[in-house]
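Take a look at the structure below.
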Amino acid sequence: MQLLIARTLGEHHGNTSVTPLPGLTGQSLEIQSAQGKLVARPAPQRPIPFVNRQREFRILRKLHRGGLVPAPLAGDQQGIILPWQEGEVLTPDEFTRRMPEVITLLRQLHQQPLTGYRLRMLPLLWQYWQICRQRNLAWLRALQRLSRLAEPRPLRLAPLHMDVHAGNIVSAKGELHLIDWEYAADGDVALELAAVCAVDPQQQQQWLIGYAQATQLPLWQLARQAAYWQPWLRLLMASWYQLRAEQSGEKTLLTLAQQSWKQI
């Protein structure tokens, strides 16, 4: 990653500082340089299914054409370097309170051209099973049950962020911006809504109503499709927490994994 930073900053590389940014993934770095503040996202040292910085770089370039994100500055197998998104990260209360604005942001994203990278949930879930060391019969049975069901047909296929929560939304000059696009891919908009509802379960109906009205989708159809995706999403979240807990040894992630498995 140091070589990519040096190539990007050029003659300004000598006067820089690099510090880790907070977050459960722990994969981002803040760069302070003479050229201003930047973000570096190194390639994961340990495998995380579906996380690929070169794919992320290409998706960001496509989304930049639609005005959703700043253009990425550089990228290769080491990682990517991005402009810093100024503003304040939302609190959970603000995430709920500014629901109409978040829905507008999602609608703008879901109206963009497809990225060409399709999210396939079943292979992704099996990847987590194969990588994790601590596995159990209940996990295997859940995987087998979903394998028999097969993935729901998309209600509407669109580019998805797949990690929409307060910590990934920045407010700047009254506008909201999504950050951290490492899980972005093409998928069902109902899956995105199911993921948002999982973050803010007490307001689930309001999220579904607001999105259905904004996109002129029948509410009953959106709600039914989001419900179809919930078992897939619960297993994905539990698998992610399990893998990251094993890789990092962090007690917070271990607790989240244990709580998630109780819902399976």
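Letters A, B, ... go to the chains of the structure tokens in the order shown; residues in each chain start at 1; ligands are counted from 1 in the same order.
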
Give me, as JSON lines, the closest atom pair and its distance (Å, one decimal) for every residue of segment 218-245 of chain A within a cut-off of 12 Å of segment 160-170 of chain A, counting only C-alpha atoms, rows sorted by chain and rising number.
```
{"residue": "A:Leu233", "atom": "CA", "partner": "A:Met162", "partner_atom": "CA", "distance": 10.3}
{"residue": "A:Leu236", "atom": "CA", "partner": "A:Met162", "partner_atom": "CA", "distance": 11.2}
{"residue": "A:Met237", "atom": "CA", "partner": "A:Asp163", "partner_atom": "CA", "distance": 10.7}
```

Discussion item. Just list as a VMD selection string whatever in segment 51-109 of chain A DSSP marks as strand (DSSP E or B).
Written reply: chain A and resid 74 to 76 79 to 83 88 to 89

Keeping C-alpha atoms for every residue in the selection just given, could you write it to a file as a PDB file, in the first residue's frame?
```
ATOM      1  CA  ALA A  74      -5.782   5.395  -7.769  1.00  0.00           C
ATOM      2  CA  GLY A  75      -6.137   1.654  -7.478  1.00  0.00           C
ATOM      3  CA  ASP A  76      -4.277  -1.596  -8.021  1.00  0.00           C
ATOM      4  CA  GLY A  79      -5.815  -1.276  -2.668  1.00  0.00           C
ATOM      5  CA  ILE A  80      -7.435   2.020  -3.615  1.00  0.00           C
ATOM      6  CA  ILE A  81      -7.040   5.678  -2.691  1.00  0.00           C
ATOM      7  CA  LEU A  82     -10.065   7.988  -2.529  1.00  0.00           C
ATOM      8  CA  PRO A  83     -10.743  11.665  -1.868  1.00  0.00           C
ATOM      9  CA  GLU A  88     -20.236  14.477   9.790  1.00  0.00           C
ATOM     10  CA  VAL A  89     -21.213  10.831  10.072  1.00  0.00           C
TER      11      VAL A  89
END
```

Could you give me, as a Markdown table, every segment 164-231 of chain A residue with an atom at most 12 Å from segment 121-135 of chain A, plus its closest atom pair and distance in Å to one decimal, counting only C-alpha atoms, rows ordered by chain then number?
```
| residue | atom | partner | partner_atom | distance |
| --- | --- | --- | --- | --- |
| A:Tyr183 | CA | A:Leu124 | CA | 11.5 |
| A:Ala185 | CA | A:Met121 | CA | 11.2 |
| A:Asp186 | CA | A:Met121 | CA | 11.3 |
| A:Gly187 | CA | A:Met121 | CA | 9.4 |
| A:Asp188 | CA | A:Met121 | CA | 10.8 |
| A:Leu191 | CA | A:Met121 | CA | 10.3 |
| A:Trp229 | CA | A:Met121 | CA | 9.9 |
| A:Gln230 | CA | A:Met121 | CA | 11.9 |
| A:Pro231 | CA | A:Met121 | CA | 11.2 |
```

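Picture a line from atom CA of Pro159 of chain A to atom CA of Tyr228 of chain A; it runs 19.3 Å.
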
Discussion item. Excluding Trp207 of chain A and its own-chain neighbours fewer than 3 positions away, which residues fall within 9 Å of it when counting only C-alpha atoms? Please give them as a list of chain:residue names.
Written reply: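 Contacts, in chain order: A:Met99, A:Pro100, A:Ile103, A:Leu193, A:Val196, A:Cys197, A:Asp200, A:Gln203, A:Gln204, A:Gly210, A:Tyr211, A:Ala212.
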
Residue selection dump (C-alpha atoms) as a PDB file, in the first residue's frame:
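Output contents, as saved in out-v4.pdb:
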```pdb
ATOM      1  CA  MET A  99     -35.236   8.746   6.577  1.00  0.00           C
ATOM      2  CA  PRO A 100     -36.750  10.628   3.573  1.00  0.00           C
ATOM      3  CA  ILE A 103     -34.490   6.984   0.809  1.00  0.00           C
ATOM      4  CA  LEU A 193     -34.327  -2.528   1.959  1.00  0.00           C
ATOM      5  CA  VAL A 196     -31.750  -1.252   6.053  1.00  0.00           C
ATOM      6  CA  CYS A 197     -34.700  -2.610   8.043  1.00  0.00           C
ATOM      7  CA  ASP A 200     -33.434   0.045  12.068  1.00  0.00           C
ATOM      8  CA  GLN A 203     -38.988   1.654  11.801  1.00  0.00           C
ATOM      9  CA  GLN A 204     -39.183  -1.225   9.308  1.00  0.00           C
ATOM     10  CA  GLY A 210     -41.222   5.468   2.169  1.00  0.00           C
ATOM     11  CA  TYR A 211     -39.236   3.535  -0.423  1.00  0.00           C
ATOM     12  CA  ALA A 212     -42.358   2.086  -2.074  1.00  0.00           C
TER      13      ALA A 212
END
```

Worksheet item: How many Å separate atom CA of Leu149 of chain A from atom CA of Ser239 of chain A?
Response: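 Between atom CA of Leu149 of chain A and atom CA of Ser239 of chain A the gap is 18.8 Å.
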
Fill in: Shell of 12 Å around Leu256 of chain A, only C-alpha atoms, local chain residues under 4 positions omitted, as a PyMOL selection string
chain A and resi 24+237-245+250-252+260-263

For N, CA and C atoms, I'd like the residues from the last selection saved as an mmCIF file, in the first residue's frame.
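Done, and the output landed in part38.cif:
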```
data_model
loop_
_atom_site.group_PDB
_atom_site.id
_atom_site.type_symbol
_atom_site.label_atom_id
_atom_site.label_comp_id
_atom_site.auth_asym_id
_atom_site.auth_seq_id
_atom_site.Cartn_x
_atom_site.Cartn_y
_atom_site.Cartn_z
ATOM 1 N N LEU A 24 -15.755 -1.596 12.123
ATOM 2 C CA LEU A 24 -15.657 -3.019 12.421
ATOM 3 C C LEU A 24 -14.744 -3.748 11.448
ATOM 4 N N MET A 237 -25.194 -11.932 7.858
ATOM 5 C CA MET A 237 -24.677 -11.101 8.950
ATOM 6 C C MET A 237 -23.973 -11.957 9.999
ATOM 7 N N ALA A 238 -24.574 -13.089 10.350
ATOM 8 C CA ALA A 238 -23.946 -13.982 11.334
ATOM 9 C C ALA A 238 -22.620 -14.514 10.815
ATOM 10 N N SER A 239 -22.571 -14.870 9.537
ATOM 11 C CA SER A 239 -21.339 -15.397 8.931
ATOM 12 C C SER A 239 -20.246 -14.333 8.917
ATOM 13 N N TRP A 240 -20.634 -13.092 8.598
ATOM 14 C CA TRP A 240 -19.645 -11.999 8.557
ATOM 15 C C TRP A 240 -19.065 -11.748 9.944
ATOM 16 N N TYR A 241 -19.942 -11.656 10.927
ATOM 17 C CA TYR A 241 -19.452 -11.436 12.296
ATOM 18 C C TYR A 241 -18.554 -12.580 12.756
ATOM 19 N N GLN A 242 -18.919 -13.814 12.399
ATOM 20 C CA GLN A 242 -18.120 -14.968 12.800
ATOM 21 C C GLN A 242 -16.721 -14.903 12.193
ATOM 22 N N LEU A 243 -16.661 -14.624 10.898
ATOM 23 C CA LEU A 243 -15.367 -14.566 10.232
ATOM 24 C C LEU A 243 -14.507 -13.437 10.782
ATOM 25 N N ARG A 244 -15.092 -12.251 10.920
ATOM 26 C CA ARG A 244 -14.303 -11.119 11.395
ATOM 27 C C ARG A 244 -13.877 -11.304 12.853
ATOM 28 N N ALA A 245 -14.716 -11.969 13.653
ATOM 29 C CA ALA A 245 -14.328 -12.255 15.036
ATOM 30 C C ALA A 245 -13.137 -13.199 15.078
ATOM 31 N N GLU A 250 -11.507 -9.652 18.189
ATOM 32 C CA GLU A 250 -12.152 -8.588 18.947
ATOM 33 C C GLU A 250 -13.386 -9.111 19.683
ATOM 34 N N LYS A 251 -13.491 -8.742 20.961
ATOM 35 C CA LYS A 251 -14.606 -9.211 21.775
ATOM 36 C C LYS A 251 -15.944 -8.680 21.274
ATOM 37 N N THR A 252 -15.949 -7.442 20.757
ATOM 38 C CA THR A 252 -17.201 -6.861 20.248
ATOM 39 C C THR A 252 -17.755 -7.698 19.110
ATOM 40 N N SER A 260 -25.978 -12.965 16.777
ATOM 41 C CA SER A 260 -26.539 -13.229 15.446
ATOM 42 C C SER A 260 -26.899 -14.701 15.279
ATOM 43 N N TRP A 261 -26.053 -15.599 15.808
ATOM 44 C CA TRP A 261 -26.338 -17.022 15.663
ATOM 45 C C TRP A 261 -27.607 -17.426 16.399
ATOM 46 N N LYS A 262 -27.958 -16.697 17.455
ATOM 47 C CA LYS A 262 -29.176 -17.006 18.190
ATOM 48 C C LYS A 262 -30.428 -16.723 17.349
ATOM 49 N N GLN A 263 -30.285 -15.882 16.333
ATOM 50 C CA GLN A 263 -31.413 -15.550 15.473
ATOM 51 C C GLN A 263 -31.565 -16.499 14.290
#
```

Discussion item. When you count only C-alpha atoms, which of these residues is closest to Val189 of chain A: A:Leu254, A:Leu157, A:Leu143, A:Leu217?
Written reply: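 Result for the nearest residue to Val189 of chain A: A:Leu157.
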
Worksheet entry | Pick from A:Ser147, A:Gln216, A:Gln202, A:Gln259 nearest to Trp232 of chain A, counting only C-alpha atoms |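 Closest to Trp232 of chain A, using only C-alpha atoms: A:Ser147.
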